Each structure stands twice: as structure tokens, then as C-alpha cells.
>>> print(open('coords_20.cif').read())   # mmCIF, C-alpha atoms
data_work
#
loop_
_atom_site.group_PDB
_atom_site.id
_atom_site.type_symbol
_atom_site.label_atom_id
_atom_site.label_comp_id
_atom_site.auth_asym_id
_atom_site.auth_seq_id
_atom_site.Cartn_x
_atom_site.Cartn_y
_atom_site.Cartn_z
ATOM 1 C CA MET A 1 0.000 0.000 0.000
ATOM 2 C CA GLU A 2 1.457 3.310 -1.121
ATOM 3 C CA PHE A 3 0.541 6.861 -0.198
ATOM 4 C CA ARG A 4 -0.040 7.503 -3.893
ATOM 5 C CA GLN A 5 -2.670 4.759 -3.963
ATOM 6 C CA LEU A 6 -4.327 6.137 -0.838
ATOM 7 C CA HIS A 7 -4.437 9.552 -2.488
ATOM 8 C CA TYR A 8 -6.126 8.069 -5.557
ATOM 9 C CA PHE A 9 -8.533 6.078 -3.409
ATOM 10 C CA VAL A 10 -9.635 9.180 -1.461
ATOM 11 C CA ALA A 11 -10.058 11.089 -4.731
ATOM 12 C CA VAL A 12 -12.355 8.361 -6.103
ATOM 13 C CA VAL A 13 -14.447 8.371 -2.908
ATOM 14 C CA GLU A 14 -14.803 12.150 -2.855
ATOM 15 C CA ALA A 15 -15.367 12.540 -6.610
ATOM 16 C CA GLY A 16 -17.937 9.719 -6.670
ATOM 17 C CA SER A 17 -16.539 7.906 -9.695
ATOM 18 C CA ILE A 18 -13.341 6.782 -11.371
ATOM 19 C CA SER A 19 -13.829 9.131 -14.294
ATOM 20 C CA ALA A 20 -14.373 12.202 -12.117
ATOM 21 C CA ALA A 21 -11.409 11.296 -9.924
ATOM 22 C CA SER A 22 -9.273 10.825 -13.045
ATOM 23 C CA ARG A 23 -9.848 14.456 -13.974
ATOM 24 C CA ARG A 24 -9.165 15.619 -10.417
ATOM 25 C CA VAL A 25 -5.798 13.879 -9.987
ATOM 26 C CA HIS A 26 -4.760 14.243 -13.657
ATOM 27 C CA VAL A 27 -4.266 10.509 -14.179
ATOM 28 C CA ALA A 28 -5.685 8.549 -17.097
ATOM 29 C CA GLN A 29 -8.774 6.550 -16.151
ATOM 30 C CA PRO A 30 -7.301 3.102 -16.997
ATOM 31 C CA ALA A 31 -4.196 3.831 -14.916
ATOM 32 C CA LEU A 32 -6.312 5.045 -12.005
ATOM 33 C CA THR A 33 -8.519 1.938 -12.204
ATOM 34 C CA ARG A 34 -5.391 -0.202 -12.188
ATOM 35 C CA GLN A 35 -4.059 1.480 -9.023
ATOM 36 C CA ILE A 36 -7.360 0.921 -7.202
ATOM 37 C CA HIS A 37 -7.298 -2.762 -8.189
ATOM 38 C CA LEU A 38 -3.710 -3.078 -6.945
ATOM 39 C CA LEU A 39 -4.704 -1.495 -3.642
ATOM 40 C CA GLU A 40 -7.568 -3.982 -3.252
ATOM 41 C CA GLU A 41 -5.248 -6.875 -4.072
ATOM 42 C CA ASP A 42 -2.696 -5.667 -1.546
ATOM 43 C CA LEU A 43 -5.349 -5.367 1.167
ATOM 44 C CA GLU A 44 -7.035 -8.579 0.049
ATOM 45 C CA THR A 45 -10.499 -7.011 0.252
ATOM 46 C CA ARG A 46 -12.915 -5.144 -1.935
ATOM 47 C CA LEU A 47 -13.148 -1.428 -1.295
ATOM 48 C CA PHE A 48 -16.001 -0.599 -3.649
ATOM 49 C CA GLU A 49 -19.268 -2.212 -4.671
ATOM 50 C CA ARG A 50 -19.591 -1.633 -8.381
ATOM 51 C CA HIS A 51 -23.026 -1.310 -9.976
ATOM 52 C CA ALA A 52 -24.642 0.220 -13.023
ATOM 53 C CA ARG A 53 -25.139 3.621 -11.440
ATOM 54 C CA GLY A 54 -21.579 3.922 -10.122
ATOM 55 C CA ILE A 55 -19.672 2.735 -7.080
ATOM 56 C CA ARG A 56 -20.388 2.504 -3.382
ATOM 57 C CA LEU A 57 -17.927 1.963 -0.496
ATOM 58 C CA THR A 58 -17.879 -1.395 1.215
ATOM 59 C CA VAL A 59 -17.585 -1.571 5.003
ATOM 60 C CA ALA A 60 -13.825 -2.100 4.575
ATOM 61 C CA GLY A 61 -13.683 0.783 2.117
ATOM 62 C CA GLN A 62 -15.400 3.116 4.581
ATOM 63 C CA ALA A 63 -12.910 2.155 7.298
ATOM 64 C CA LEU A 64 -9.992 2.728 4.945
ATOM 65 C CA TYR A 65 -11.388 6.101 3.861
ATOM 66 C CA GLU A 66 -11.504 7.334 7.459
ATOM 67 C CA GLU A 67 -7.953 6.115 8.166
ATOM 68 C CA ALA A 68 -6.577 7.272 4.816
ATOM 69 C CA GLN A 69 -7.597 10.876 5.417
ATOM 70 C CA GLN A 70 -5.732 10.894 8.723
ATOM 71 C CA LEU A 71 -2.674 9.173 7.225
ATOM 72 C CA LEU A 72 -2.479 11.646 4.344
ATOM 73 C CA ASP A 73 -2.870 14.611 6.709
ATOM 74 C CA ARG A 74 -0.134 13.262 8.985
ATOM 75 C CA ARG A 75 2.115 12.691 5.969
ATOM 76 C CA THR A 76 1.599 16.326 4.877
ATOM 77 C CA ARG A 77 2.400 17.631 8.352
ATOM 78 C CA LEU A 78 5.460 15.396 8.643
ATOM 79 C CA LYS A 79 6.813 16.513 5.264
ATOM 80 C CA ALA A 80 6.331 20.152 6.254
ATOM 81 C CA ARG A 81 8.074 19.602 9.570
ATOM 82 C CA LEU A 82 11.024 17.776 8.014
ATOM 83 C CA THR A 83 11.342 20.445 5.341
ATOM 84 C CA ALA A 84 11.383 23.131 8.043
ATOM 85 C CA LEU A 85 14.011 21.214 10.004
ATOM 86 C CA GLY A 86 16.105 20.759 6.877
ATOM 87 C CA GLN A 87 15.964 24.468 6.150
ATOM 88 C CA GLY A 88 16.732 25.416 9.757
ATOM 89 C CA VAL A 89 13.488 27.306 10.311
ATOM 90 C CA VAL A 90 12.591 25.164 13.330
ATOM 91 C CA GLY A 91 14.688 23.325 15.907
ATOM 92 C CA LYS A 92 17.123 24.639 18.499
ATOM 93 C CA VAL A 93 20.608 26.082 18.833
ATOM 94 C CA SER A 94 22.699 25.827 21.992
ATOM 95 C CA LEU A 95 24.929 28.868 22.343
ATOM 96 C CA GLY A 96 27.573 29.688 24.909
ATOM 97 C CA VAL A 97 28.223 33.363 25.689
ATOM 98 C CA THR A 98 30.939 34.722 27.927
ATOM 99 C CA VAL A 99 29.262 36.033 31.074
ATOM 100 C CA THR A 100 30.388 39.612 30.456
ATOM 101 C CA HIS A 101 28.894 39.773 26.965
ATOM 102 C CA LEU A 102 25.331 38.703 27.714
ATOM 103 C CA TRP A 103 24.284 42.391 27.789
ATOM 104 C CA VAL A 104 26.513 43.689 24.992
ATOM 105 C CA PRO A 105 24.429 45.341 22.219
ATOM 106 C CA GLN A 106 26.242 43.488 19.412
ATOM 107 C CA VAL A 107 25.477 40.100 20.971
ATOM 108 C CA ALA A 108 21.913 41.016 21.888
ATOM 109 C CA GLY A 109 21.410 42.368 18.362
ATOM 110 C CA LEU A 110 22.665 39.132 16.800
ATOM 111 C CA LEU A 111 20.278 37.030 18.866
ATOM 112 C CA GLY A 112 17.409 39.405 18.136
ATOM 113 C CA ARG A 113 17.946 39.367 14.363
ATOM 114 C CA TYR A 114 18.155 35.584 14.323
ATOM 115 C CA ARG A 115 14.922 35.377 16.311
ATOM 116 C CA GLU A 116 13.182 37.708 13.851
ATOM 117 C CA ARG A 117 14.193 35.541 10.881
ATOM 118 C CA PHE A 118 13.648 32.153 12.507
ATOM 119 C CA PRO A 119 11.033 32.590 15.233
ATOM 120 C CA GLN A 120 10.420 28.839 15.535
ATOM 121 C CA VAL A 121 14.054 28.065 16.467
ATOM 122 C CA ALA A 122 14.621 27.858 20.210
ATOM 123 C CA PHE A 123 17.801 29.291 21.710
ATOM 124 C CA GLU A 124 19.521 27.565 24.618
ATOM 125 C CA VAL A 125 21.897 30.233 25.921
ATOM 126 C CA PHE A 126 24.525 29.237 28.471
ATOM 127 C CA PRO A 127 26.524 31.955 30.300
ATOM 128 C CA LEU A 128 29.961 30.338 30.218
ATOM 129 C CA LEU A 129 33.512 31.610 30.386
ATOM 130 C CA SER A 130 35.789 30.886 27.451
ATOM 131 C CA GLY A 131 37.495 27.836 28.987
ATOM 132 C CA PRO A 132 34.290 25.851 29.641
ATOM 133 C CA GLN A 133 32.954 26.897 26.244
ATOM 134 C CA LEU A 134 35.969 25.414 24.489
ATOM 135 C CA GLU A 135 35.523 22.141 26.348
ATOM 136 C CA ARG A 136 31.841 21.880 25.452
ATOM 137 C CA LEU A 137 32.418 22.835 21.826
ATOM 138 C CA ARG A 138 34.988 20.060 21.484
ATOM 139 C CA GLU A 139 32.722 17.593 23.274
ATOM 140 C CA GLY A 140 29.894 18.462 20.903
ATOM 141 C CA THR A 141 27.528 19.496 23.711
ATOM 142 C CA LEU A 142 27.449 23.109 22.513
ATOM 143 C CA ASP A 143 26.560 24.187 18.964
ATOM 144 C CA ALA A 144 28.390 27.510 19.002
ATOM 145 C CA GLY A 145 30.145 29.904 21.335
ATOM 146 C CA ILE A 146 30.917 33.591 21.721
ATOM 147 C CA LEU A 147 34.268 33.707 23.487
ATOM 148 C CA TYR A 148 37.844 34.953 23.628
ATOM 149 C CA LEU A 149 40.315 33.147 21.352
ATOM 150 C CA ASP A 150 43.779 33.760 19.957
ATOM 151 C CA ASP A 151 43.801 35.446 16.567
ATOM 152 C CA SER A 152 44.949 32.145 15.074
ATOM 153 C CA GLY A 153 41.861 30.371 16.380
ATOM 154 C CA GLN A 154 41.723 26.910 17.893
ATOM 155 C CA PRO A 155 42.354 23.480 16.308
ATOM 156 C CA GLY A 156 39.129 21.789 15.305
ATOM 157 C CA LEU A 157 37.053 24.977 15.351
ATOM 158 C CA GLU A 158 35.800 27.401 12.730
ATOM 159 C CA THR A 159 35.769 31.030 13.876
ATOM 160 C CA ARG A 160 34.587 34.450 12.793
ATOM 161 C CA LEU A 161 35.646 37.689 14.468
ATOM 162 C CA LEU A 162 32.575 39.174 16.118
ATOM 163 C CA GLN A 163 33.807 42.205 18.073
ATOM 164 C CA HIS A 164 36.916 43.996 19.287
ATOM 165 C CA ASP A 165 36.938 44.512 23.035
ATOM 166 C CA SER A 166 39.474 46.066 25.402
ATOM 167 C CA LEU A 167 39.820 46.458 29.178
ATOM 168 C CA VAL A 168 38.272 48.740 31.757
ATOM 169 C CA LEU A 169 38.906 49.526 35.418
ATOM 170 C CA ALA A 170 36.090 48.849 37.891
ATOM 171 C CA VAL A 171 36.251 50.611 41.286
ATOM 172 C CA PRO A 172 33.791 50.979 44.173
ATOM 173 C CA ALA A 173 31.558 53.988 43.588
ATOM 174 C CA ASN A 174 32.414 55.397 47.035
ATOM 175 C CA SER A 175 36.185 54.916 46.708
ATOM 176 C CA SER A 176 38.844 57.586 46.330
ATOM 177 C CA TRP A 177 39.557 56.201 42.856
ATOM 178 C CA ALA A 178 36.026 57.132 41.790
ATOM 179 C CA GLU A 179 36.534 60.689 43.099
ATOM 180 C CA VAL A 180 39.985 61.161 41.546
ATOM 181 C CA PRO A 181 40.313 58.649 38.683
ATOM 182 C CA PRO A 182 43.817 57.431 37.809
ATOM 183 C CA THR A 183 45.213 58.168 34.380
ATOM 184 C CA ARG A 184 47.980 55.531 34.306
ATOM 185 C CA LEU A 185 48.301 51.996 35.603
ATOM 186 C CA GLU A 186 51.424 52.848 37.589
ATOM 187 C CA GLN A 187 49.195 54.856 39.939
ATOM 188 C CA LEU A 188 47.524 51.560 40.923
ATOM 189 C CA ALA A 189 50.740 49.832 42.028
ATOM 190 C CA ASP A 190 49.667 49.721 45.679
ATOM 191 C CA ALA A 191 45.949 49.120 45.087
ATOM 192 C CA GLU A 192 44.285 45.868 46.142
ATOM 193 C CA PHE A 193 42.894 43.939 43.169
ATOM 194 C CA VAL A 194 40.184 41.328 42.739
ATOM 195 C CA TRP A 195 41.260 38.878 40.020
ATOM 196 C CA GLY A 196 40.001 35.866 38.094
ATOM 197 C CA PHE A 197 41.417 32.359 37.705
ATOM 198 C CA ARG A 198 43.407 31.525 34.580
ATOM 199 C CA SER A 199 41.600 28.190 34.119
ATOM 200 C CA ALA A 200 38.296 30.012 33.562
ATOM 201 C CA SER A 201 39.527 31.785 30.415
ATOM 202 C CA PRO A 202 43.178 31.043 29.561
ATOM 203 C CA VAL A 203 43.347 33.122 26.354
ATOM 204 C CA TYR A 204 41.839 36.206 28.001
ATOM 205 C CA PHE A 205 44.030 35.797 31.100
ATOM 206 C CA ASP A 206 47.264 35.349 29.136
ATOM 207 C CA ARG A 207 46.592 38.282 26.777
ATOM 208 C CA MET A 208 45.915 40.555 29.733
ATOM 209 C CA GLN A 209 49.027 39.393 31.617
ATOM 210 C CA ALA A 210 51.218 39.831 28.530
ATOM 211 C CA HIS A 211 49.910 43.366 28.085
ATOM 212 C CA PHE A 212 50.701 44.230 31.706
ATOM 213 C CA GLN A 213 54.188 42.743 31.438
ATOM 214 C CA ARG A 214 54.917 44.991 28.461
ATOM 215 C CA LEU A 215 53.911 47.938 30.649
ATOM 216 C CA SER A 216 55.867 46.609 33.660
ATOM 217 C CA PHE A 217 52.648 46.636 35.661
ATOM 218 C CA HIS A 218 52.187 43.976 38.345
ATOM 219 C CA PRO A 219 48.824 44.234 40.140
ATOM 220 C CA ARG A 220 48.674 43.276 43.809
ATOM 221 C CA VAL A 221 45.957 40.619 43.896
ATOM 222 C CA VAL A 222 44.296 39.985 47.262
ATOM 223 C CA GLN A 223 40.937 38.446 46.257
ATOM 224 C CA TYR A 224 39.722 36.018 43.563
ATOM 225 C CA GLY A 225 36.336 35.631 41.890
ATOM 226 C CA ALA A 226 35.070 32.691 39.839
ATOM 227 C CA ASP A 227 33.815 34.874 36.962
ATOM 228 C CA ASN A 228 33.419 38.535 36.053
ATOM 229 C CA ILE A 229 30.013 38.876 37.675
ATOM 230 C CA ALA A 230 31.441 37.527 40.936
ATOM 231 C CA ILE A 231 34.400 39.881 40.619
ATOM 232 C CA LEU A 232 32.102 42.856 40.071
ATOM 233 C CA SER A 233 30.077 41.879 43.129
ATOM 234 C CA MET A 234 33.246 41.836 45.192
ATOM 235 C CA VAL A 235 34.265 45.249 43.865
ATOM 236 C CA ALA A 236 30.831 46.627 44.735
ATOM 237 C CA ALA A 237 31.301 45.263 48.275
ATOM 238 C CA GLY A 238 34.528 47.242 48.600
ATOM 239 C CA LEU A 239 36.889 44.224 48.565
ATOM 240 C CA GLY A 240 39.153 45.757 45.948
ATOM 241 C CA ILE A 241 39.283 47.079 42.395
ATOM 242 C CA ALA A 242 39.375 45.043 39.192
ATOM 243 C CA ILE A 243 40.385 45.138 35.550
ATOM 244 C CA LEU A 244 37.780 43.525 33.327
ATOM 245 C CA PRO A 245 36.644 43.412 29.696
ATOM 246 C CA ALA A 246 35.276 46.793 28.664
ATOM 247 C CA ALA A 247 32.013 45.024 27.807
ATOM 248 C CA SER A 248 31.413 44.733 31.557
ATOM 249 C CA SER A 249 30.261 48.343 31.587
ATOM 250 C CA HIS A 250 27.175 47.298 29.585
ATOM 251 C CA HIS A 251 25.904 45.496 32.688
ATOM 252 C CA PRO A 252 24.776 48.142 35.205
ATOM 253 C CA MET A 253 25.729 47.224 38.747
ATOM 254 C CA PRO A 254 25.013 49.428 41.775
ATOM 255 C CA GLY A 255 28.058 50.523 43.706
ATOM 256 C CA ILE A 256 30.533 50.356 40.809
ATOM 257 C CA ARG A 257 32.188 53.011 38.687
ATOM 258 C CA PHE A 258 33.849 52.048 35.397
ATOM 259 C CA LEU A 259 36.931 54.028 34.411
ATOM 260 C CA HIS A 260 38.709 54.098 31.054
ATOM 261 C CA LEU A 261 42.494 54.370 30.953
ATOM 262 C CA PRO A 262 44.432 54.726 27.665
ATOM 263 C CA GLU A 263 46.688 51.820 28.646
ATOM 264 C CA LEU A 264 43.643 49.575 29.128
ATOM 265 C CA ASP A 265 41.970 50.780 25.929
ATOM 266 C CA ALA A 266 45.107 49.699 24.072
ATOM 267 C CA CYS A 267 44.769 46.032 25.096
ATOM 268 C CA ALA A 268 42.957 44.286 22.244
ATOM 269 C CA MET A 269 40.574 41.554 23.405
ATOM 270 C CA PRO A 270 38.988 40.073 20.252
ATOM 271 C CA LEU A 271 35.685 38.284 20.736
ATOM 272 C CA TRP A 272 35.006 35.388 18.379
ATOM 273 C CA PHE A 273 32.058 33.333 17.220
ATOM 274 C CA ALA A 274 33.143 29.684 17.098
ATOM 275 C CA TRP A 275 31.644 26.332 16.119
ATOM 276 C CA ARG A 276 32.706 22.819 15.164
ATOM 277 C CA PRO A 277 32.854 22.400 11.357
ATOM 278 C CA GLY A 278 31.386 18.878 11.606
ATOM 279 C CA ASN A 279 28.104 20.192 13.003
ATOM 280 C CA ASP A 280 25.686 20.243 10.047
ATOM 281 C CA SER A 281 22.616 21.493 11.934
ATOM 282 C CA PRO A 282 20.608 23.674 9.499
ATOM 283 C CA ALA A 283 19.560 25.952 12.370
ATOM 284 C CA LEU A 284 23.246 26.473 13.234
ATOM 285 C CA CYS A 285 24.133 27.035 9.568
ATOM 286 C CA ASN A 286 21.567 29.847 9.430
ATOM 287 C CA LEU A 287 23.126 31.434 12.518
ATOM 288 C CA ILE A 288 26.605 31.179 10.950
ATOM 289 C CA GLU A 289 25.332 32.823 7.757
ATOM 290 C CA LEU A 290 23.871 35.653 9.833
ATOM 291 C CA VAL A 291 27.193 36.174 11.649
ATOM 292 C CA GLU A 292 29.053 36.217 8.327
ATOM 293 C CA SER A 293 26.649 38.813 6.942
ATOM 294 C CA LEU A 294 27.444 41.284 9.728
ATOM 295 C CA ASP A 295 29.642 44.271 9.035
ATOM 296 C CA ALA A 296 33.285 43.724 9.897
ATOM 297 C CA PRO A 297 33.968 44.930 13.445
ATOM 298 C CA ALA A 298 35.827 48.191 13.839
ATOM 299 C CA GLY A 299 39.539 47.892 14.641
ATOM 300 C CA PRO A 300 40.781 47.790 18.241
ATOM 301 C CA ALA A 301 41.487 50.952 20.141
ATOM 302 C CA GLN A 302 45.020 52.270 19.883
ATOM 303 C CA GLY A 303 46.953 53.615 22.843
#
>>> encode(input="coords_20.cif", output="C-alpha cells")
Amino acid sequence: MEFRQLHYFVAVVEAGSISAASRRVHVAQPALTRQIHLLEEDLETRLFERHARGIRLTVAGQALYEEAQQLLDRRTRLKARLTALGQGVVGKVSLGVTVTHLWVPQVAGLLGRYRERFPQVAFEVFPLLSGPQLERLREGTLDAGILYLDDSGQPGLETRLLQHDSLVLAVPANSSWAEVPPTRLEQLADAEFVWGFRSASPVYFDRMQAHFQRLSFHPRVVQYGADNIAILSMVAAGLGIAILPAASSHHPMPGIRFLHLPELDACAMPLWFAWRPGNDSPALCNLIELVESLDAPAGPAQG
């Protein structure tokens, strides 16, 4: 029993005769008659009572007609769903985003534009630092990530530059630094810093440390936070000051003042969109195409 035969059978029932159904489905009458006979042979039962004035459904034919309509409707819905999945207009995408960049306009804009184009695709957004993102991308438990990487990228990943970031100084709003902001890092030699762990984001950590070494700046670290949100909370509590990605200033936090220093503006922190090339998810492919259609990010700040 084929769907084509069921389609012909339903057409005959609804048209009331073989000849009328032949015109409806654009199939020659002998060929249509042959397909109905084959269907009856396959089912080993008569579907129509044939008489001089036309045809009438048998009990078996009536049962098949009721089931056939449902089967054909389900087939149509299934084809539409599979087509949508194949074109990436439904489904889901799991995306990692560095904690600091969840509120950045460029990232929010990317997610918003994708949602406008593919409203049936569900986003699973995970606020993850760069280190955990890399692990999950390589494991295949994350479709894509927005994270810090070296300019040369990472083995086994495809990347596109998404944004140039730099660094910013975060100080308690009621501190002396907020009243009289420093202009050079050397003024912070005796300040107490809140810092992050290298394992959380090795590329970001190493780029920042290399920049400070070139400036002969060695911060005095007295506190550690697990991620940038934790670090900002500690700064707000007066436990120290911190140097963070400039994107942190997009996340308003009571009790904190963000200060720009030329030496921090000069530290390029490129943010990348990354994915595994073996992932052929159509929904992901549409997201990649959207990223590639974006205007090239402006160059990093120069000090």
C-alpha cells in the first residue's frame, strides 16, 4: 500500500466515480482503475461495490477512507516539519556566551535578528567563560560559542571575528579612585585587586598578563572571583578594584564606577564566534550565515 494509492482512493471516494477522480488527480482513467485494483489486491479485500449507477464503499472501504484521510494529513504535516528542520526554520541552537557579553548590544542584536528571521528556532543560551565553552564545543555538547580566542583560532574549530573589546577599570563607587580617577596603571601599584582564575579563560588571562608585562605593571591581587560577575560583586562590596573586559560596563551594577584608561583601551581583546565544522545542523548554519553577513567589526582601540 502506497501513499499515492491512498491519495487516488480518497479522490475516487470524494469525486464519486473513477472518471471524475481521473480528472481531479490528472491521471488517465485506466491507470487510475489499475491502481485501485492493486490497492484492493494488496489489502485482500474489496473497497467498492460496483453497480450500473456507479460505485459505493464497502464496510472495509469506509474504514480505509476514514484512516486514509488521517494518514495523508499526517504525511503532509510530517513533510512540512522535516522540510522546516532541513531548512533550519525550526529546531534549536545551543549557544555559549561569555558572562560579560550577555548584555553587549552586538550580541543582543545578533540574537534578536536571528529570532526575527527564525522565530520557531529555540535558543539555549549558556553563560559560560571561554574555557568551559571550548571544552563543550569540542565535546559536541554546545553548537556555538561567543568567546575569547587567539587570533589564530583553535584546532578543530571554525571562527569568525565578532567584536573587538578592550579592558576597563572597575572601582567601588564610594572609593577615592572614583573621586579622583587614575590616568595611568602605575598609579595603581599599591591598590588591592580582585582577580580571576586563569583556568576560567586562559586566552583572556594570558593576553591581559602579557599586556601588563609589556607595561611593567604587576597588580597586587588579594581576592579572587570565579567569573566577572562575581568579581564585580566583590568590587561593589569594597573588597578591591578590578580590571575587566570593557564590555562589563554594559551590565549596570550598583556601587561600581567604570573608568577608562588609555593603557587599558590599548589592550585588544577580540571576541570570536566559534563552532565545530562537523556540526551540520541547518539551524546552526543559518546562525553562521547571519554572523558572516554582519559588518566587519571596527579595529581595536590604539593607545
>>> residues_around(input="coords_20.cif", residues="Asn174 in chain A", least_positions_apart="6", cutoff="9 Å", atoms="all atoms listed in the file", output="mmCIF file with C-alpha atoms, in the coordinates of the input")
data_model
loop_
_atom_site.group_PDB
_atom_site.id
_atom_site.type_symbol
_atom_site.label_atom_id
_atom_site.label_comp_id
_atom_site.auth_asym_id
_atom_site.auth_seq_id
_atom_site.Cartn_x
_atom_site.Cartn_y
_atom_site.Cartn_z
ATOM 1 C CA GLY A 238 34.528 47.242 48.600
ATOM 2 C CA GLY A 255 28.058 50.523 43.706
ATOM 3 C CA ILE A 256 30.533 50.356 40.809
ATOM 4 C CA ARG A 257 32.188 53.011 38.687
#
>>> closest_residue(input="coords_20.cif", among="A:Glu179, A:Glu186, A:Glu40, A:Asp227", to="Ala200 in chain A", atoms="only C-alpha atoms")
A:Asp227
>>> closest_atom_pairs(input="coords_20.cif", of="range 143-168 of chain A", to="range 109-115 of chain A", cutoff="12 Å", atoms="only C-alpha atoms", output="CSV")
residue,atom,partner,partner_atom,distance
A:Ile146,CA,A:Leu110,CA,11.1
A:Leu162,CA,A:Leu110,CA,9.9
A:Gln163,CA,A:Leu110,CA,11.6
>>> atom_distance(input="coords_20.cif", atom1="CA of His260 in chain A", atom2="CA of Val194 in chain A")
17.4 Å
>>> closest_residue(input="coords_20.cif", among="A:Leu244, A:Ser17, A:His164, A:Leu188", to="Arg50 in chain A", atoms="all atoms listed in the file")
A:Ser17
>>> atom_distance(input="coords_20.cif", atom1="CA of Leu232 in chain A", atom2="CA of Ala210 in chain A")
22.5 Å
>>> closest_residue(input="coords_20.cif", among="A:Val107, A:Leu259, A:Ala266, A:Ile36", to="Pro181 in chain A", atoms="all atoms listed in the file")
A:Leu259
>>> atom_distance(input="coords_20.cif", atom1="CA of Pro182 in chain A", atom2="CA of Pro219 in chain A")
14.3 Å
>>> axis_aligned_box(input="coords_20.cif", around="range 232-239 of chain A", padding_each_side="3 Å", output="AutoDock Vina command-line options")
--center_x 33.5 --center_y 44.5 --center_z 44.3 --size_x 12.8 --size_y 11.4 --size_z 14.5
>>> closest_residue(input="coords_20.cif", among="A:Met234, A:Leu6, A:Ala274, A:Leu47", to="Leu157 in chain A", atoms="all atoms listed in the file")
A:Ala274
>>> closest_residue(input="coords_20.cif", among="A:Glu49, A:Glu44, A:Asp280, A:Asp165", to="Gly140 in chain A", atoms="only C-alpha atoms")
A:Asp280
>>> residues_near_point(input="coords_20.cif", point="(32.2, 43.7, 40.8)", cutoff="9 Å", atoms="all atoms listed in the file", output="list in words")
Ala170, Val171, Pro172, Val194, Asn228, Ile229, Ala230, Ile231, Leu232, Ser233, Met234, Val235, Ala236, Ala237, Gly238, Gly240, Ile241, Ala242, Met253, Gly255 and Ile256 of chain A
>>> resolve_selection(input="coords_20.cif", expression="the PyMOL selection byres ((chain A and resi 72) around 12)", output="ChimeraX atom specification")
/A:2-11,64-71,73-79
>>> resolve_selection(input="coords_20.cif", expression="the PyMOL selection byres ((chain A and resi 292) around 12)", output="list in words")
Leu110, Glu158, Thr159, Arg160, Leu161, Leu162, Trp272, Phe273, Ala274, Cys285, Asn286, Leu287, Ile288, Glu289, Leu290, Val291, Ser293, Leu294, Asp295, Ala296 and Pro297 of chain A
>>> resolve_selection(input="coords_20.cif", expression="the PyMOL selection byres ((chain A and resi 121) around 6)", output="mmCIF file with C-alpha atoms, in the frame of the given file")
data_model
loop_
_atom_site.group_PDB
_atom_site.id
_atom_site.type_symbol
_atom_site.label_atom_id
_atom_site.label_comp_id
_atom_site.auth_asym_id
_atom_site.auth_seq_id
_atom_site.Cartn_x
_atom_site.Cartn_y
_atom_site.Cartn_z
ATOM 1 C CA VAL A 90 12.591 25.164 13.330
ATOM 2 C CA GLY A 91 14.688 23.325 15.907
ATOM 3 C CA LYS A 92 17.123 24.639 18.499
ATOM 4 C CA PHE A 118 13.648 32.153 12.507
ATOM 5 C CA PRO A 119 11.033 32.590 15.233
ATOM 6 C CA GLN A 120 10.420 28.839 15.535
ATOM 7 C CA ALA A 122 14.621 27.858 20.210
#
>>> closest_residue(input="coords_20.cif", among="A:Leu32, A:Met208, A:Val12, A:Leu137", to="Phe48 in chain A", atoms="only C-alpha atoms")
A:Val12
>>> residues_near_point(input="coords_20.cif", point="(42.7, 41.6, 23.8)", cutoff="10 Å", atoms="all atoms listed in the file", output="PyMOL selection string")
chain A and resi 148-151+164-167+203-208+210-211+245+264-271+300
>>> residues_around(input="coords_20.cif", residues="Pro127 in chain A", least_positions_apart="4", cutoff="7 Å", atoms="only C-alpha atoms", output="PDB file with C-alpha atoms, in the frame of the given file")
ATOM      1  CA  GLY A  96      27.573  29.688  24.909  1.00  0.00           C
ATOM      2  CA  VAL A  97      28.223  33.363  25.689  1.00  0.00           C
ATOM      3  CA  THR A  98      30.939  34.722  27.927  1.00  0.00           C
ATOM      4  CA  VAL A  99      29.262  36.033  31.074  1.00  0.00           C
TER       5      VAL A  99
END
>>> build_atoms(input="coords_20.cif", residues="range 64-78 of chain A", atoms="N, CA and C atoms", output="compact mmCIF listing (two decimals), in the frame of the given file")
# COMPACT_ATOMS: atom_id res chain seq x y z
N LEU A 64 -11.25 2.25 5.53
CA LEU A 64 -9.99 2.73 4.94
C LEU A 64 -10.08 4.22 4.65
N TYR A 65 -11.23 4.68 4.18
CA TYR A 65 -11.39 6.10 3.86
C TYR A 65 -11.15 6.96 5.09
N GLU A 66 -11.68 6.57 6.23
CA GLU A 66 -11.50 7.33 7.46
C GLU A 66 -10.03 7.35 7.88
N GLU A 67 -9.37 6.19 7.78
CA GLU A 67 -7.95 6.12 8.17
C GLU A 67 -7.06 6.82 7.15
N ALA A 68 -7.42 6.69 5.86
CA ALA A 68 -6.58 7.27 4.82
C ALA A 68 -6.50 8.79 4.93
N GLN A 69 -7.61 9.42 5.27
CA GLN A 69 -7.60 10.88 5.42
C GLN A 69 -6.63 11.30 6.51
N GLN A 70 -6.64 10.56 7.63
CA GLN A 70 -5.73 10.89 8.72
C GLN A 70 -4.28 10.64 8.34
N LEU A 71 -4.04 9.50 7.64
CA LEU A 71 -2.67 9.17 7.22
C LEU A 71 -2.13 10.22 6.27
N LEU A 72 -2.94 10.65 5.31
CA LEU A 72 -2.48 11.65 4.34
C LEU A 72 -2.24 12.99 5.01
N ASP A 73 -3.09 13.36 5.98
CA ASP A 73 -2.87 14.61 6.71
C ASP A 73 -1.58 14.55 7.53
N ARG A 74 -1.37 13.41 8.19
CA ARG A 74 -0.13 13.26 8.98
C ARG A 74 1.08 13.29 8.09
N ARG A 75 1.00 12.68 6.92
CA ARG A 75 2.12 12.69 5.97
C ARG A 75 2.44 14.13 5.55
N THR A 76 1.39 14.93 5.28
CA THR A 76 1.60 16.33 4.88
C THR A 76 2.27 17.11 5.99
N ARG A 77 1.80 16.91 7.22
CA ARG A 77 2.40 17.63 8.35
C ARG A 77 3.84 17.20 8.57
N LEU A 78 4.10 15.89 8.44
CA LEU A 78 5.46 15.40 8.64
C LEU A 78 6.40 15.95 7.59
